[in-house]
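*Asks:* Sharing a structure, written as structure tokens. Questions coming.
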Amino acid sequence: MSIFGQPGHDIRLEWGEEGITALGAECAVLVVVDVLSFSTTVDIALSRGARVLPVRWRDERGIEAARAAGAIPAGEWEWSLRPASVLTIPAGTLLALPSPNGATLCAMAANAGTQVLTGCLRNARAVARMARVLAQGGPIGVVPAGERWGVDVLTDLGTTGTLRPSAEDLLGAGAIVDALITAGAQWPSAEASLAARAYRAAGPDVGAVVASSSSGKDLSQAGHMRDVDLAIAVNSSKMAPYLDEGVFVDVTPRR
């Protein structure tokens with residue numbers, strides 16, 4: 001058992017592809033967090049009754065396989081990785097959604113043989129509740145995706161470019177860890193505790209922090225402030241996106 005798998009803790013946290021590798025073999029559930037934009041786009045698409053098939057970044061074979069399965073690849077219609085683009089996606093749509101961070105990590109996590117959720121600020125509480133149900137007392141790993149410096153092409157080992165830990169994914173992961181602790185998890189790792197502390201420290205200003213982060217400014221300066229606004233609507237959603245045979249579906253209990 002590797003020390004980097006954070007043994008002895010019921011909530012664990014590590015970043016990016018290496019985090020999937022470190023936590024995947026030991027956690028009952030992995031929660032991939034990519035606030036700007038993959039996880040937020042999945043949340044909104046599922047709230048509209050669509051389903052999402054995550055595809056590794058620039059994986060042409062993956063896109064062709066998704067198309068053969070009846071999925072519509074992002075960009076072929078008006079739907080894309082941007083959260084605002086899926087606000088009117090029709091119910092029943094199967095959207096193939098590639099991204100260099102969230103989608104790629106979700107595909108990696110599925111290959112690790114663990115159950116996979118994707119979470120963000122919008123659905124932190126709902127995802128935390130479902131993670132506890134799925135884990136059945138086992139450890140839960142939270143994996144903030146971060147960004148990549150110089151993303152270029154997909155290799156067999158993942159995307160090129162080094163990891164850039166991002167404020168928005170730290171806070172999104174912290175929101176989920178905080179919700180897990182509130183729900184009764186008792187032994188978060190130091191890494192998980194720090195993320196929860198960051199989220200709590202931001203308090204009601206968490207949205208402003210994300211908007212003023214490098215990633216938030218990058219989107220807003222490109223004219224995509226609507227995407228940022230959708231991403232910072234903390235706990236506005238009850239979606240719990242679960243990867244079922246390679247496709248994200250909502251598994252939120254209905255009452």
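Chain identifiers are assigned as A, B, and so on, following the order in which chains appear in the structure tokens; residues are numbered from 1 within each chain, and ligands are numbered from 1 in order of appearance.
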What's around region 74-84 of chain A at 9 Å? Count only C-alpha atoms, leave out sequence neighbours fewer than 6 positions away in its own chain, and write the answer as a VMD selection string.

*Replies:* chain A and resid 36 to 45 95 to 99 224 226 to 228 230 to 231

*Asks:* For the residues selected in the previous step, produce a file with C-alpha atoms as a PDB file, in the first residue's frame.

*Replies:*
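Result written to out.pdb:
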ATOM      1  CA  LEU A  36     -14.271  25.290 -15.453  1.00  0.00           C
ATOM      2  CA  SER A  37     -15.718  23.605 -17.407  1.00  0.00           C
ATOM      3  CA  PHE A  38     -16.207  19.813 -17.818  1.00  0.00           C
ATOM      4  CA  SER A  39     -17.925  18.950 -14.515  1.00  0.00           C
ATOM      5  CA  THR A  40     -20.215  21.978 -14.720  1.00  0.00           C
ATOM      6  CA  THR A  41     -21.184  21.165 -18.308  1.00  0.00           C
ATOM      7  CA  VAL A  42     -21.979  17.565 -17.341  1.00  0.00           C
ATOM      8  CA  ASP A  43     -24.131  18.763 -14.438  1.00  0.00           C
ATOM      9  CA  ILE A  44     -26.176  21.098 -16.632  1.00  0.00           C
ATOM     10  CA  ALA A  45     -26.538  18.587 -19.467  1.00  0.00           C
ATOM     11  CA  LEU A  95     -23.251  13.972 -25.933  1.00  0.00           C
ATOM     12  CA  ALA A  96     -19.643  12.859 -26.483  1.00  0.00           C
ATOM     13  CA  LEU A  97     -17.601  15.419 -24.565  1.00  0.00           C
ATOM     14  CA  PRO A  98     -13.804  15.528 -24.798  1.00  0.00           C
ATOM     15  CA  SER A  99     -11.644  17.677 -22.531  1.00  0.00           C
ATOM     16  CA  HIS A 224     -17.622  33.643 -21.625  1.00  0.00           C
ATOM     17  CA  ARG A 226     -21.942  33.349 -18.526  1.00  0.00           C
ATOM     18  CA  ASP A 227     -19.996  30.094 -18.186  1.00  0.00           C
ATOM     19  CA  VAL A 228     -18.288  31.407 -15.065  1.00  0.00           C
ATOM     20  CA  LEU A 230     -23.068  29.033 -14.138  1.00  0.00           C
ATOM     21  CA  ALA A 231     -20.021  27.386 -12.568  1.00  0.00           C
TER      22      ALA A 231
END

*Asks:* As a list in words, please: the residues near region 162-168 of chain A (cut-off 8 Å, only C-alpha atoms, same-chain neighbours under 6 positions excluded).

*Replies:* Trp15, Gly16, Val35, Leu36, Ala145, Gly146, Glu147, Arg148, Trp149, Gly150, Val209, Val210, Ser213 and Ser215 of chain A

*Asks:* Export all heavy atoms of the chosen residues as a tab-separated table (two decimals), in the first residue's frame?

*Replies:*
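The result, written out as part08.tsv:
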chain	number	residue	atom	x	y	z
A	15	TRP	N	-4.14	15.40	-6.90
A	15	TRP	CA	-4.40	16.14	-8.14
A	15	TRP	C	-4.14	15.32	-9.40
A	15	TRP	O	-3.19	14.53	-9.46
A	15	TRP	CB	-3.50	17.37	-8.20
A	15	TRP	CG	-3.91	18.47	-7.28
A	15	TRP	CD1	-3.61	18.57	-5.95
A	15	TRP	CD2	-4.68	19.63	-7.62
A	15	TRP	NE1	-4.15	19.72	-5.43
A	15	TRP	CE2	-4.81	20.40	-6.44
A	15	TRP	CE3	-5.26	20.10	-8.80
A	15	TRP	CZ2	-5.51	21.60	-6.41
A	15	TRP	CZ3	-5.96	21.29	-8.77
A	15	TRP	CH2	-6.08	22.04	-7.58
A	16	GLY	N	-4.97	15.56	-10.41
A	16	GLY	CA	-4.70	15.18	-11.78
A	16	GLY	C	-4.51	13.70	-12.06
A	16	GLY	O	-4.99	12.83	-11.32
A	35	VAL	N	-14.12	22.29	-12.45
A	35	VAL	CA	-15.16	23.31	-12.31
A	35	VAL	C	-15.34	24.13	-13.59
A	35	VAL	O	-16.45	24.45	-13.99
A	35	VAL	CB	-14.84	24.21	-11.10
A	35	VAL	CG1	-15.76	25.43	-11.06
A	35	VAL	CG2	-14.94	23.41	-9.80
A	36	LEU	N	-14.23	24.49	-14.22
A	36	LEU	CA	-14.27	25.29	-15.45
A	36	LEU	C	-13.59	24.52	-16.58
A	36	LEU	O	-12.39	24.70	-16.80
A	36	LEU	CB	-13.56	26.64	-15.25
A	36	LEU	CG	-14.12	27.62	-14.23
A	36	LEU	CD1	-13.19	28.83	-14.05
A	36	LEU	CD2	-15.51	28.08	-14.61
A	145	ALA	N	-8.97	18.35	-10.98
A	145	ALA	CA	-8.29	18.15	-12.26
A	145	ALA	C	-7.15	19.11	-12.48
A	145	ALA	O	-6.09	18.74	-12.98
A	145	ALA	CB	-9.30	18.26	-13.41
A	146	GLY	N	-7.35	20.38	-12.09
A	146	GLY	CA	-6.38	21.39	-12.44
A	146	GLY	C	-6.36	21.65	-13.94
A	146	GLY	O	-7.19	21.12	-14.69
A	147	GLU	N	-5.45	22.49	-14.35
A	147	GLU	CA	-5.26	22.79	-15.77
A	147	GLU	C	-3.92	22.25	-16.23
A	147	GLU	O	-3.16	21.68	-15.44
A	147	GLU	CB	-5.33	24.30	-16.01
A	147	GLU	CG	-6.64	24.95	-15.56
A	147	GLU	CD	-7.81	24.58	-16.45
A	147	GLU	OE1	-7.57	24.07	-17.56
A	147	GLU	OE2	-8.95	24.84	-16.05
A	148	ARG	N	-3.63	22.42	-17.50
A	148	ARG	CA	-2.35	21.96	-18.06
A	148	ARG	C	-1.64	23.12	-18.74
A	148	ARG	O	-2.25	23.89	-19.48
A	148	ARG	CB	-2.56	20.84	-19.08
A	148	ARG	CG	-2.99	19.53	-18.45
A	148	ARG	CD	-1.80	18.70	-18.08
A	148	ARG	NE	-2.17	17.59	-17.21
A	148	ARG	CZ	-1.30	16.74	-16.70
A	148	ARG	NH1	-0.01	16.87	-16.98
A	148	ARG	NH2	-1.67	15.76	-15.92
A	149	TRP	N	-0.36	23.26	-18.45
A	149	TRP	CA	0.45	24.21	-19.20
A	149	TRP	C	0.81	23.57	-20.54
A	149	TRP	O	1.33	22.45	-20.58
A	149	TRP	CB	1.75	24.51	-18.45
A	149	TRP	CG	1.60	25.23	-17.15
A	149	TRP	CD1	1.73	24.70	-15.90
A	149	TRP	CD2	1.31	26.61	-16.96
A	149	TRP	NE1	1.54	25.66	-14.95
A	149	TRP	CE2	1.28	26.85	-15.57
A	149	TRP	CE3	1.07	27.68	-17.84
A	149	TRP	CZ2	1.02	28.10	-15.03
A	149	TRP	CZ3	0.81	28.93	-17.29
A	149	TRP	CH2	0.79	29.14	-15.91
A	150	GLY	N	0.51	24.23	-21.62
A	150	GLY	CA	0.96	23.77	-22.93
A	150	GLY	C	0.35	22.48	-23.41
A	150	GLY	O	1.04	21.62	-23.94
A	209	VAL	N	-13.95	34.52	-5.83
A	209	VAL	CA	-12.59	33.99	-5.91
A	209	VAL	C	-12.39	33.25	-7.23
A	209	VAL	O	-11.38	33.44	-7.93
A	209	VAL	CB	-12.28	33.06	-4.72
A	209	VAL	CG1	-10.92	32.40	-4.90
A	209	VAL	CG2	-12.32	33.84	-3.41
A	210	VAL	N	-13.36	32.42	-7.60
A	210	VAL	CA	-13.26	31.69	-8.86
A	210	VAL	C	-13.26	32.66	-10.03
A	210	VAL	O	-12.46	32.53	-10.96
A	210	VAL	CB	-14.40	30.67	-8.99
A	210	VAL	CG1	-14.43	30.06	-10.39
A	210	VAL	CG2	-14.26	29.56	-7.94
A	213	SER	N	-9.93	34.29	-10.45
A	213	SER	CA	-8.78	33.41	-10.67
A	213	SER	C	-8.29	33.53	-12.10
A	213	SER	O	-8.96	34.09	-12.98
A	213	SER	CB	-9.17	31.96	-10.39
A	213	SER	OG	-10.06	31.47	-11.38
A	215	SER	N	-8.06	31.23	-14.34
A	215	SER	CA	-8.98	30.52	-15.25
A	215	SER	C	-10.25	31.32	-15.46
A	215	SER	O	-10.78	31.40	-16.58
A	215	SER	CB	-9.31	29.15	-14.68
A	215	SER	OG	-8.15	28.37	-14.50

*Asks:* Given only C-alpha atoms as the basis, pick out the residue of A:Ala50, A:Ala109, A:Ala103, A:Met225 nearest to Val86 (chain A).

*Replies:* A:Ala50

*Asks:* What's around Lys238 (chain A) at 9 Å? Count only C-alpha atoms, leave out sequence neighbours fewer than 5 positions away in its own chain, and write the answer as a PyMOL selection string.

*Replies:* chain A and resi 43+47+122-127+252

*Asks:* As a ChimeraX atom specification, list the residues of region 48-229 of chain A assigned to helix (DSSP H, G or I) by DSSP on the backbone atoms of this structure.

*Replies:* /A:60-68,83-86,102-111,124-135,167-182,190-212,214-221,225-229

*Asks:* Could you write out, as a ChimeraX atom specification, all the residues of region 6-250 of chain A that DSSP marks as strand (DSSP E)?

*Replies:* /A:11-13,29-33,51-56,72-73,94-99,115-119,140-144,147-149,154-155,158-159,162-164,241-244,247-250

*Asks:* Can you list, as a PyMOL selection string, every protein, DNA or RNA residue that comes within 7 Å of region 199-207 of chain A when you count only C-alpha atoms, leaving out same-chain residues fewer than 3 positions away?

*Replies:* chain A and resi 171+174-175+195-196+210-211+232

*Asks:* Figure out the distance between CA of Pro54 (chain A) and CA of Thr104 (chain A), please, to one decimal in Å.

*Replies:*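 Going from CA of Thr104 (chain A) over to CA of Pro54 (chain A), I get 7.2 Å.
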
*Asks:* Between A:Ala25, A:Val31, A:Asp169, A:Arg132, which is the closest to Ala183 (chain A) once you count only C-alpha atoms?

*Replies:*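 Going through A:Ala25, A:Val31, A:Asp169, A:Arg132 one by one, the smallest distance to Ala183 (chain A) is for A:Arg132.
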
*Asks:* Please list as a ChimeraX atom specification every residue within 7 Å of Leu94 (chain A), counting only C-alpha atoms and excluding residues in the same chain fewer than 3 positions away.

*Replies:* /A:50-53,71-72

*Asks:* Nearest residue to Val143 (chain A) out of A:Met130, A:Leu87, A:Ala198, A:Ala192, using only C-alpha atoms?

*Replies:*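 Smallest separation from Val143 (chain A) among the options: A:Ala192.
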
*Asks:* Counting only C-alpha atoms, which residue out of A:Leu180, A:Ala128, A:Val29, A:Ala65 sits closest to Leu243 (chain A)?

*Replies:*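 Once distances to Leu243 (chain A) are computed over only C-alpha atoms, the minimum belongs to A:Val29.
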